[in-house]
Amino acid sequence: MKSFLQQQTLSLLLSLALVPALLSACAEKPDGTAEIQSHPPVIFPDYTDVTVPVNIAPLNFRLQDPVENLHVTVRGDDGQTLHHHGKQHVSFHPKAWKKLLKGNAGRTLTLHLSALRSQDRQHIAWPPFSIHVSHDSIDSHLVYRLIEPGYEKWHIVGIYQRNLENFDEKPVIRNELTGYNCINCHSFCNGNPQQMLLHMRATYGATYIAANGQIEKLDTRTPHTLSHLTYPYWHPSGRYIAASVNDIKQFFHAVKEKKMEVFDLESDVVVYDVAHHSILSAASLLTKDCYETFPAFSPDGQWLYYCSAPALPMPDHYDRIRYGIYRRPFDAAQGRIGTTTDTLVRADTHSASFPRISPDGRFLMYTETAYGQFPIWHKDADIRMINLSDGSPTEVSLLNSNDTESYHSWSRNSRWTVVSSRRENGLYTLPYFAHIDSAGRASKPFLLPQKNPDAYDFLLYSFNLPELVSGEIQLSPYELQHAATRKTATQVDFHVPQPSRSRLR
Amino acid sequence: MKRLPPYPCLLWSLVFLGSFLFFELNYRYWYRFMEQYSLFLYRWDYFADLCVQVGGFNAWVTAWVTQFFQLPCFAPLCLAGLLTLPGVLFSLLLKRSFNESSLRAPLLSLCPWFLFWLYPVESIAFLLALTAGLGSACLYTRVRKAPLRYLAGFALITLLYPLAAPAHLAAAAGILLYECIRAARGGGDKAGLWGLGLCLWALVLPLAAMRTVYVVPLREAFLSKHLFHPEYPLPASLWYVATSFLAVAGLAYVFRRRQARPREKPACISLLVAGMILGVVFGRHPLEQAYRYDWLARQGAWERIARDALEHPVKDKDALVYANLAHAYCRSYNEALLQLPQIGEEGFIPRDPKTRLGLIQAAEVSWLLNHTNSAQRFAFVGVLSSERNVQPRLMRRLIETYLVNEEYKAAEKYIRILEKSALYRREMQKLRPLLDPETASQTEWITQRRRLNPTTDNPYDPTKSFPSALAFLLDDHPDNPAAFAYGMGYLLLYKELHAFMHYMEERKGTDEKLPTLYQEAICIYYTAVENNPEAFRSYAVDPDVYQRYREYLQQSGSLSPTLLRRRYGDAYYYYAQFVPTPEKPAS
């Protein structure tokens, strides 16, 4: 009995001693005889040669080739290294990643990958690739709506905020809380997460403005305007919100090259005075001979940018309508727009939408497509940018792909942009980030990192309207739910200025 | 544990058998239809994603079980088991509460389960939650020592809530029942209070979780979103079932001391058997035929639908859509057109569909007509009509449409998802090679569909502007067989002979053999519309067809309506002259 016990103890000790050896054998990195591949590793998301902000979450990825015993070494220019052993999926420890980025701000990370090929168990290695770490940090949070890239039906919709420095995602509001209605068009004043606007349609339909911890519920439809406020943009002062009012329609194509078309039968741009709950006619563009839409204020608040196209009978001319980008001076003190119109993007051969001015006021980014103003179903839609000082185009071709690029927003420091793109599968819109240098050149964009990149494979939602904000939205989803379900909407009025007495005389 | 006496065993065996027969004979296809709205993925993340939701583990188990509903007899067996097991548990709970063997407790405890015959549940999540709740309550009653029992009750309720809500409410109700009856029987002064306390905890728990762990509406915090479609109001049957349990408990209390009379057992069993026979015979699902056809369509058994529709009466609009579709698929449409109880446009394709079945049908009809974009659109919206955003059958259709439209990346996305399911993995293995453009272009069904894909853009939605959409399809590809059959069927049904003859123009002077129905329409057109009876000779009209038409013209004035119908009721000229034209849907 005793000898049996001794035997068992000995074998146990031997086993324990062997465990580290076995483990190290499993994680053994390929030796110098590895077969070097001629091409860089194919990884998802594609993080090869991208520029990333110093505060971004770990860029976890997946090697697309079937391999075993993958060994990844990340070498920073500062000498720091990070190792990963595993199968096809590579995930970095958040603390080590953060330290690595901090130490390499303004420098480059080089990633060396080697593995055991599954088919023939041959050791292989790939040429290293780089990730450039920019000094410029990105706004800490991204706010987006998750929605099925549907045709005419929405199902479960939610607006979420994602901390870009880690993988935390929290709901701002989900339509499960508000009777499965449609929630859309979240918009922030200067990227301030505590000053926001969103719309709800169908049940509890209204516009909700949250500021200073209070939520206002507004009925923005007036007898003088076409519809509720639709596509909004805050004035930097927070006093005004420019918005389009649209009579939106859609139809479906029969040919394979096109899916659906969204167009306006009519549209105008109005300016809403937050303090007085009124739409200012003196600051609005209410014309019958033109369709105006997608307004945006300049960062100094002195200009109102918008898209406009000559009115054409719709839907007959849906593929002939082309929008240009224009601006008019805006007097914030008087709540008036000027009469002079500057043309920034002429609608000659293409149509422009979503004008967004960088917070430093230097660049205008917009989406260009062959026709119309709703480019999400247009495969040709691309991002373009001009330098506002001279109107010259800047080099942003790296932002574009063979598929749709549409909505975009800027970070507060004007060094990062987030672009909605369908490049991954042509159907689901995902957010890509890109660095914009001081000359307005865009770097290769990278996909929003996820803890497990497989999440994108099984995600059945599009990231709609990605907006960068400078912090976390403190408003609880239940506060929004309470405002929607319990509050009565304040009716917005349409303010026509009275003629002054002197003029009457 | 004492063995159950034979009497309850007999009762529950009967319930199991009766339930199996009821669901197998009446709801087999409905449950197979419902199976499509669940997709179990063999992935850790799928499990983790569900488990972080209220009652998510229950949803995971539900999805795992539901995937086998496609197998013969599985759904009825599962339903029968899930009605019997919690029934036995409830009976056991009543027995433990009264601490005596009562004749009526098992009999009474049967009653709530028959409500599930009257109101069959779409998802077994509710039955699983009830089983978990009642099982936990039974487990609770096994703990003899009072403080330990209350602690166990607290732990069970707390654990059940995240795993299988509203199982915690069922457990709390069971515990309350047990403790109250014990208190009433003098089993402990504070027992009832403890039961009440645990019940209150079960009610407070969701509210606390809403503020700390979950961001969900009140309804989902209590009941989870997995029991019923979260976008629809709660079904009234939920309250009937809940009330029936309370009523049964009350009745069991009232009758607890009464002894069984002689012959009461056989009378009860006879009553039970008679009730079940009635249920099995008359409890048929009102859309049984439509769901049966849907199942056959899903299997690709179009010939069986076509045959069945001719052999048995087509009972509803949804079944008619499948019957028409099946005949168009089998190229027997022209022969079957007038044999089916046509109702007009809505018999061809559902109008502006919103229901789950309607969206599937719209996708199927569009696919058959080679209107790929519409098939894709309805498949997509059909997927969204699922409460979980998944509908594997329509996701498969999406893959096919993406392959036809050369959208390989989108096709790959759905292939990747379905590869993680047990039942679709093999199909996906067949489809994956088609992601290679060259392989796809050499695959017959893809090339055939690409050839017939619309080339002229138009905004017509086949479910809203059926004739216009069809006209574009035919103008692009007159050789599109299904579109042609549907188009001519539509025109003949609405007696639009001018338009019909426009499409026949190409057949003029050829030897192409035309379907009898077309020949009859050509005969009547030249006689009644053009007043040129001999002009039919430009077409390959069979002499027998013409001869029969002449006889019809001679006899139509002299024969009685009944006889005329008996002799010529299958001919188009009879239809054109005597059968009212269906109304066109308002645009």
# chains A, B, ... in the order shown; residues from 1 in each chain; ligands from 1
$ interface_residues --of "chain A" --to "chain B" --cutoff "6 Å" --atoms "only C-alpha atoms" --output "number ranges by chain"
A: 177, 251-256, 425
$ closest_residue --among "B:Val241, B:Glu335, B:Gly279, B:His498" --to "Glu530 (chain B)" --atoms "only C-alpha atoms"
B:His498
$ closest_residue --among "A:Met196, A:Ala115, A:Leu459, A:Val269" --to "Thr33 (chain A)" --atoms "only C-alpha atoms"
A:Ala115
$ residues_around --residues "Ala309 (chain B)" --least-positions-apart "3" --cutoff "10 Å" --atoms "only C-alpha atoms" --output "PyMOL selection string"
chain B and resi 289+293+303-306+312-315+319-320+322-324+326-327+336+339-341
$ write_last_selection --atoms "N, CA and C atoms" --output "PDB file, in the first residue's frame"
ATOM      1  N   GLN B 289     -53.616  24.093 -42.888  1.00  0.00           N
ATOM      2  CA  GLN B 289     -53.246  23.803 -44.277  1.00  0.00           C
ATOM      3  C   GLN B 289     -52.133  24.744 -44.762  1.00  0.00           C
ATOM      4  N   TYR B 293     -48.485  23.577 -45.964  1.00  0.00           N
ATOM      5  CA  TYR B 293     -47.916  23.935 -47.265  1.00  0.00           C
ATOM      6  C   TYR B 293     -46.584  24.683 -47.088  1.00  0.00           C
ATOM      7  N   GLU B 303     -44.334  19.632 -55.616  1.00  0.00           N
ATOM      8  CA  GLU B 303     -45.262  18.706 -56.289  1.00  0.00           C
ATOM      9  C   GLU B 303     -46.333  18.230 -55.313  1.00  0.00           C
ATOM     10  N   ARG B 304     -45.925  17.997 -54.083  1.00  0.00           N
ATOM     11  CA  ARG B 304     -46.894  17.521 -53.085  1.00  0.00           C
ATOM     12  C   ARG B 304     -47.942  18.593 -52.797  1.00  0.00           C
ATOM     13  N   ILE B 305     -47.508  19.849 -52.762  1.00  0.00           N
ATOM     14  CA  ILE B 305     -48.477  20.940 -52.536  1.00  0.00           C
ATOM     15  C   ILE B 305     -49.452  20.983 -53.706  1.00  0.00           C
ATOM     16  N   ALA B 306     -48.880  20.932 -54.916  1.00  0.00           N
ATOM     17  CA  ALA B 306     -49.718  21.033 -56.122  1.00  0.00           C
ATOM     18  C   ALA B 306     -50.752  19.907 -56.139  1.00  0.00           C
ATOM     19  N   HIS B 312     -57.606  18.182 -52.391  1.00  0.00           N
ATOM     20  CA  HIS B 312     -58.356  18.643 -51.216  1.00  0.00           C
ATOM     21  C   HIS B 312     -58.713  20.110 -51.383  1.00  0.00           C
ATOM     22  N   PRO B 313     -59.811  20.525 -50.765  1.00  0.00           N
ATOM     23  CA  PRO B 313     -60.168  21.941 -50.910  1.00  0.00           C
ATOM     24  C   PRO B 313     -59.130  22.866 -50.275  1.00  0.00           C
ATOM     25  N   VAL B 314     -58.838  23.957 -50.974  1.00  0.00           N
ATOM     26  CA  VAL B 314     -57.913  24.950 -50.422  1.00  0.00           C
ATOM     27  C   VAL B 314     -58.732  25.873 -49.526  1.00  0.00           C
ATOM     28  N   LYS B 315     -58.335  25.943 -48.240  1.00  0.00           N
ATOM     29  CA  LYS B 315     -59.253  26.533 -47.270  1.00  0.00           C
ATOM     30  C   LYS B 315     -59.022  28.012 -46.979  1.00  0.00           C
ATOM     31  N   ALA B 319     -52.990  29.430 -47.914  1.00  0.00           N
ATOM     32  CA  ALA B 319     -52.813  28.137 -48.579  1.00  0.00           C
ATOM     33  C   ALA B 319     -52.937  28.310 -50.088  1.00  0.00           C
ATOM     34  N   LEU B 320     -53.827  29.215 -50.506  1.00  0.00           N
ATOM     35  CA  LEU B 320     -54.022  29.449 -51.943  1.00  0.00           C
ATOM     36  C   LEU B 320     -52.759  30.017 -52.590  1.00  0.00           C
ATOM     37  N   TYR B 322     -49.738  29.463 -51.697  1.00  0.00           N
ATOM     38  CA  TYR B 322     -48.806  28.337 -51.876  1.00  0.00           C
ATOM     39  C   TYR B 322     -49.267  27.401 -52.989  1.00  0.00           C
ATOM     40  N   ALA B 323     -50.584  27.214 -53.090  1.00  0.00           N
ATOM     41  CA  ALA B 323     -51.096  26.317 -54.138  1.00  0.00           C
ATOM     42  C   ALA B 323     -50.778  26.900 -55.523  1.00  0.00           C
ATOM     43  N   ASN B 324     -51.039  28.192 -55.680  1.00  0.00           N
ATOM     44  CA  ASN B 324     -50.718  28.839 -56.967  1.00  0.00           C
ATOM     45  C   ASN B 324     -49.226  28.756 -57.265  1.00  0.00           C
ATOM     46  N   ALA B 326     -47.077  26.625 -56.132  1.00  0.00           N
ATOM     47  CA  ALA B 326     -46.654  25.248 -56.402  1.00  0.00           C
ATOM     48  C   ALA B 326     -46.965  24.878 -57.847  1.00  0.00           C
ATOM     49  N   HIS B 327     -48.121  25.277 -58.331  1.00  0.00           N
ATOM     50  CA  HIS B 327     -48.474  24.943 -59.711  1.00  0.00           C
ATOM     51  C   HIS B 327     -47.606  25.717 -60.703  1.00  0.00           C
ATOM     52  N   ALA B 336     -54.294  24.298 -63.652  1.00  0.00           N
ATOM     53  CA  ALA B 336     -54.854  24.341 -62.296  1.00  0.00           C
ATOM     54  C   ALA B 336     -55.574  25.655 -61.992  1.00  0.00           C
ATOM     55  N   GLN B 339     -59.159  25.489 -61.391  1.00  0.00           N
ATOM     56  CA  GLN B 339     -59.567  24.440 -60.447  1.00  0.00           C
ATOM     57  C   GLN B 339     -59.354  24.881 -59.006  1.00  0.00           C
ATOM     58  N   LEU B 340     -58.574  25.913 -58.838  1.00  0.00           N
ATOM     59  CA  LEU B 340     -58.337  26.414 -57.481  1.00  0.00           C
ATOM     60  C   LEU B 340     -59.329  27.538 -57.186  1.00  0.00           C
ATOM     61  N   PRO B 341     -59.683  27.699 -55.915  1.00  0.00           N
ATOM     62  CA  PRO B 341     -60.677  28.746 -55.591  1.00  0.00           C
ATOM     63  C   PRO B 341     -60.053  30.138 -55.626  1.00  0.00           C
TER      64      PRO B 341
END
$ select_by_dssp --residues "region 207-307 of chain B" --states "alpha helix (DSSP H)" --output "VMD selection string"
chain B and resid 207 to 212 218 to 223 236 to 254 264 to 282 288 to 299 302 to 307
$ residues_around --residues "Ala333 (chain A)" --least-positions-apart "6" --cutoff "12 Å" --atoms "only C-alpha atoms" --output "list in words"
His235, Ser237, Arg239, Tyr240, Asp273, Ala283, Gly301 and Gln302 of chain A
